[in-house]
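Undergrad: One structure is given below, represented as structure tokens, and several questions about it will come after.
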Amino acid sequence: MRAKAIRVFLPKSSVYIIGFIFLFLFIAAMTAIKPAYRLSSEMITEWTSDLDSSFFYYLLSKENRAFDEGFPAGKGEPDVINTLFQMVTSLKPNDPRSLLRNEVPGFSHFDNRMVVAGQGTDFTNFPIESSPPLKEVLKERQAIIEGSEEEEKEEAKKNQERSEATPSTGDRQVVYVYNSHNRESFLPHLPGVEDPNEAHHKEVNITKVSNYLAKSLEENGIGTIVENKDIMNELNEKGWGYGKSYQASRQVVEEAIANNKDIQYAFDLHRDSIGRDKTTAKINGKPYARLMIVIGAEHADYEKNQKLATKLHYLLEERYPGLSRGVYTKKGAGTNGVFNQDLSNNALLFEFGGVENNLGELYRSADALADVFSEMFWDAEKVDTSS
């Protein structure tokens, strides 16, 4: 005798009650677990940051047909299964690099993009952003600057000989120069130090280049402020690690911009950690420390900063061939990805030479940058006054 199937029908009210109980238990579980395991906006952003924006537009178009008109022409419906797989696993089925990115240390470095490559620039000599322990950065070391002061005086003399007809911003200080990694120093000036991660000094460091650049800009009539706060000391006082350098400098930059409405440009000067052969160029028979312009690609208007950087790169190449290593965008894990450039469309980060360059070479490059930037600045001023 065949058994009859028994069907149980639940009234709609029971379904609602069960659903309500399930929702209540789910909310209770989510609020009870440790904060580290809860869903957050940062976690959701991380899951979805690499997804094609057209996928979200497609979802909106299914709810509101008005969005259909703005959907990219010729772009078919997204593969929902692949997209969800990518969001859950961080793996892209059509990009085998995504499998290696999380497994091979340093592989994510190649996710960054060279917008404009200078002479000899390729994947093997992208900038290296080291992150040494703060105690190593703050350590007392001996430093020497023999020879560099003479070169500085020679270049300063040339600056004084420039035409008195040079235009001037007057009392307006329109360029702001600062150093998020202000103790980055150079091996030729640190006797006994061979490890690039130990190339840090409280006085003989990248801030000397910032001060020299400011002098050169002033000689070209461009009012310039140099930030003198020790960001590394600020980190130490806050109990922060070296990785929070940009958060610490951000507070300083915001304050400077708020207190001086004349500031139009903000330049953050660093030095790279790669070797001399990649960061030095001979121009007119003299060695120069090469420049790399770095753009943080994790803010909405980064392309405006990138446009300025690209223009400056080509002007440098025209006047000083080989000086610029190019324009490089950075984002993703292991880097800040913004570099305070969301505070101004005219904010740039410069890698000034490398750990094996000396101050004489760096000062020469600072003069070159001031020369090219000043011409660009005054050309723009002419356009503004004539329009």
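Chain identifiers are assigned as A, B, and so on, following the order in which chains appear in the structure tokens; residues are numbered from 1 within each chain, and ligands are numbered from 1 in order of appearance.
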Might you pull out every residue within 9 Å of Asp268 (chain A), with only C-alpha atoms counted and same-chain residues fewer than 2 positions away left off, and present them as an NGL selection string?

TA: :A and (176-181 or 210 or 266 or 270 or 339 or 347-351)

Undergrad: Suppose we keep all heavy atoms; can you now write the selection as a short mmCIF file (atom, residue, chain, number, x, y, z; two decimals), in the first residue's frame?

TA:
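Once everything was written out, this is result-v9.cif:
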data_model
loop_
_atom_site.label_atom_id
_atom_site.label_comp_id
_atom_site.auth_asym_id
_atom_site.auth_seq_id
_atom_site.Cartn_x
_atom_site.Cartn_y
_atom_site.Cartn_z
N TYR A 176 53.31 75.16 -1.05
CA TYR A 176 53.54 74.59 0.28
C TYR A 176 54.33 73.30 0.12
O TYR A 176 53.91 72.39 -0.60
CB TYR A 176 52.19 74.33 0.95
CG TYR A 176 52.26 73.61 2.28
CD1 TYR A 176 52.79 74.22 3.41
CD2 TYR A 176 51.75 72.32 2.41
CE1 TYR A 176 52.84 73.57 4.62
CE2 TYR A 176 51.77 71.66 3.63
CZ TYR A 176 52.32 72.28 4.74
OH TYR A 176 52.36 71.63 5.94
N VAL A 177 55.51 73.23 0.74
CA VAL A 177 56.38 72.06 0.63
C VAL A 177 56.48 71.39 2.00
O VAL A 177 56.73 72.06 3.01
CB VAL A 177 57.79 72.46 0.14
CG1 VAL A 177 58.67 71.21 -0.01
CG2 VAL A 177 57.70 73.21 -1.19
N TYR A 178 56.29 70.09 2.03
CA TYR A 178 56.37 69.36 3.29
C TYR A 178 56.95 67.98 3.05
O TYR A 178 57.22 67.58 1.90
CB TYR A 178 55.00 69.28 3.96
CG TYR A 178 53.99 68.39 3.27
CD1 TYR A 178 53.67 67.14 3.77
CD2 TYR A 178 53.32 68.81 2.12
CE1 TYR A 178 52.72 66.32 3.16
CE2 TYR A 178 52.37 68.02 1.50
CZ TYR A 178 52.08 66.77 2.02
OH TYR A 178 51.16 65.97 1.40
N ASN A 179 57.19 67.23 4.13
CA ASN A 179 57.80 65.90 4.02
C ASN A 179 57.11 64.93 4.98
O ASN A 179 57.30 65.01 6.19
CB ASN A 179 59.29 65.95 4.36
CG ASN A 179 60.03 67.01 3.58
OD1 ASN A 179 60.24 68.12 4.07
ND2 ASN A 179 60.43 66.69 2.37
N SER A 180 56.29 64.02 4.44
CA SER A 180 55.61 63.03 5.28
C SER A 180 56.62 62.08 5.92
O SER A 180 56.41 61.59 7.03
CB SER A 180 54.59 62.24 4.46
OG SER A 180 53.51 63.05 4.08
N HIS A 181 57.71 61.78 5.21
CA HIS A 181 58.80 60.95 5.74
C HIS A 181 60.03 61.85 5.90
O HIS A 181 61.01 61.70 5.18
CB HIS A 181 59.09 59.78 4.81
CG HIS A 181 57.97 58.80 4.70
ND1 HIS A 181 57.83 57.93 3.62
CD2 HIS A 181 56.93 58.53 5.53
CE1 HIS A 181 56.74 57.18 3.81
NE2 HIS A 181 56.18 57.53 4.96
N SER A 210 63.91 70.13 0.52
CA SER A 210 62.71 70.98 0.55
C SER A 210 63.08 72.45 0.75
O SER A 210 62.55 73.33 0.07
CB SER A 210 61.77 70.52 1.67
OG SER A 210 61.26 69.24 1.42
N ALA A 266 50.70 71.97 -3.31
CA ALA A 266 51.27 71.28 -2.15
C ALA A 266 52.16 70.14 -2.65
O ALA A 266 51.69 69.24 -3.35
CB ALA A 266 50.16 70.73 -1.25
N HIS A 270 59.97 63.18 -1.02
CA HIS A 270 60.51 61.95 -0.47
C HIS A 270 61.80 61.59 -1.20
O HIS A 270 62.18 62.25 -2.16
CB HIS A 270 59.52 60.79 -0.67
CG HIS A 270 58.23 60.93 0.07
ND1 HIS A 270 57.88 60.13 1.13
CD2 HIS A 270 57.20 61.80 -0.09
CE1 HIS A 270 56.69 60.48 1.58
NE2 HIS A 270 56.25 61.49 0.85
N PHE A 339 47.72 59.87 -0.21
CA PHE A 339 48.87 60.77 -0.03
C PHE A 339 48.46 62.23 0.13
O PHE A 339 49.17 63.13 -0.33
CB PHE A 339 49.85 60.62 -1.21
CG PHE A 339 50.25 59.20 -1.51
CD1 PHE A 339 50.08 58.67 -2.78
CD2 PHE A 339 50.76 58.38 -0.52
CE1 PHE A 339 50.43 57.36 -3.06
CE2 PHE A 339 51.12 57.06 -0.79
CZ PHE A 339 50.95 56.56 -2.07
N ALA A 347 48.09 68.91 -5.68
CA ALA A 347 48.99 68.26 -4.72
C ALA A 347 49.73 67.12 -5.41
O ALA A 347 49.11 66.30 -6.10
CB ALA A 347 48.20 67.74 -3.53
N LEU A 348 51.05 67.08 -5.24
CA LEU A 348 51.88 66.06 -5.87
C LEU A 348 52.86 65.48 -4.85
O LEU A 348 53.27 66.17 -3.91
CB LEU A 348 52.67 66.63 -7.05
CG LEU A 348 51.89 67.25 -8.21
CD1 LEU A 348 52.85 67.88 -9.21
CD2 LEU A 348 51.00 66.23 -8.88
N LEU A 349 53.25 64.23 -5.07
CA LEU A 349 54.30 63.61 -4.28
C LEU A 349 55.50 63.36 -5.20
O LEU A 349 55.35 62.73 -6.25
CB LEU A 349 53.81 62.29 -3.67
CG LEU A 349 54.73 61.58 -2.67
CD1 LEU A 349 53.92 60.68 -1.73
CD2 LEU A 349 55.81 60.73 -3.35
N PHE A 350 56.66 63.85 -4.82
CA PHE A 350 57.89 63.69 -5.60
C PHE A 350 58.83 62.72 -4.88
O PHE A 350 59.13 62.90 -3.70
CB PHE A 350 58.61 65.02 -5.78
CG PHE A 350 57.92 65.99 -6.69
CD1 PHE A 350 57.04 66.93 -6.17
CD2 PHE A 350 58.15 65.98 -8.06
CE1 PHE A 350 56.40 67.84 -7.00
CE2 PHE A 350 57.52 66.89 -8.89
CZ PHE A 350 56.64 67.82 -8.36
N GLU A 351 59.30 61.71 -5.61
CA GLU A 351 60.44 60.92 -5.16
C GLU A 351 61.68 61.62 -5.70
O GLU A 351 61.94 61.61 -6.89
CB GLU A 351 60.35 59.49 -5.69
CG GLU A 351 59.19 58.67 -5.16
CD GLU A 351 59.41 58.14 -3.76
OE1 GLU A 351 60.52 58.39 -3.19
OE2 GLU A 351 58.50 57.50 -3.21
#

Undergrad: Compile the contact shell of region 358-366 of chain A as a ChimeraX atom specification: residues with an atom at most 10 Å away, counting only C-alpha atoms, same-chain residues fewer than 5 positions apart removed.

TA: /A:145-152,155-156,185-189,204-206,208-217,271,276,280-282,286-291,320,323-324,352-353,371

Undergrad: Go ahead and save the picked residues with C-alpha atoms, as a tab-separated table (two decimals), in the first residue's frame.

TA:
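Written file, out.tsv:
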chain	number	residue	atom	x	y	z
A	145	ILE	CA	77.63	66.96	4.37
A	146	GLU	CA	81.13	67.74	3.10
A	147	GLY	CA	81.13	69.07	-0.46
A	148	SER	CA	77.39	69.56	-0.68
A	149	GLU	CA	77.48	73.00	0.95
A	150	GLU	CA	79.92	74.26	-1.67
A	151	GLU	CA	77.65	73.05	-4.45
A	152	GLU	CA	74.70	74.66	-2.72
A	155	GLU	CA	73.87	77.08	-7.27
A	156	ALA	CA	72.62	79.85	-4.96
A	185	SER	CA	68.32	60.47	4.43
A	186	PHE	CA	71.05	59.43	2.00
A	187	LEU	CA	73.78	56.81	2.41
A	188	PRO	CA	76.66	59.01	1.09
A	189	HIS	CA	76.07	61.29	4.11
A	204	VAL	CA	70.67	65.61	7.25
A	205	ASN	CA	67.64	64.40	5.34
A	206	ILE	CA	65.08	65.20	2.65
A	208	LYS	CA	67.30	70.00	3.22
A	209	VAL	CA	66.08	69.42	-0.33
A	210	SER	CA	62.71	70.98	0.55
A	211	ASN	CA	64.42	74.08	1.93
A	212	TYR	CA	66.64	74.33	-1.12
A	213	LEU	CA	63.70	73.92	-3.51
A	214	ALA	CA	61.88	76.69	-1.65
A	215	LYS	CA	64.87	79.02	-2.06
A	216	SER	CA	65.00	78.28	-5.77
A	217	LEU	CA	61.26	78.88	-6.19
A	271	ARG	CA	63.51	59.93	-1.53
A	276	ARG	CA	71.83	54.97	-7.69
A	280	THR	CA	70.76	59.26	-11.41
A	281	ALA	CA	70.97	60.95	-14.81
A	282	LYS	CA	73.85	62.84	-16.40
A	286	LYS	CA	76.61	66.79	-14.49
A	287	PRO	CA	74.86	64.14	-12.35
A	288	TYR	CA	71.26	64.86	-11.34
A	289	ALA	CA	69.02	62.94	-8.94
A	290	ARG	CA	66.07	61.79	-11.03
A	291	LEU	CA	62.46	62.60	-10.09
A	320	TYR	CA	66.15	68.32	-18.83
A	323	LEU	CA	65.49	63.92	-15.29
A	324	SER	CA	61.94	62.62	-14.86
A	352	PHE	CA	63.63	62.98	-5.20
A	353	GLY	CA	66.49	60.73	-6.20
A	371	ASP	CA	63.05	76.30	-13.19

Undergrad: Which is closest to Glu318 (chain A) among A:Leu134, A:Ala368, A:Ala333, A:Met292, if we use only C-alpha atoms?

TA: A:Ala368

Undergrad: Could you work out how far CA of Pro321 (chain A) lies from CA of Gly354 (chain A), giving the answer in Å with one decimal?

TA: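 For CA of Gly354 (chain A) relative to CA of Pro321 (chain A), the distance reads 18.2 Å.
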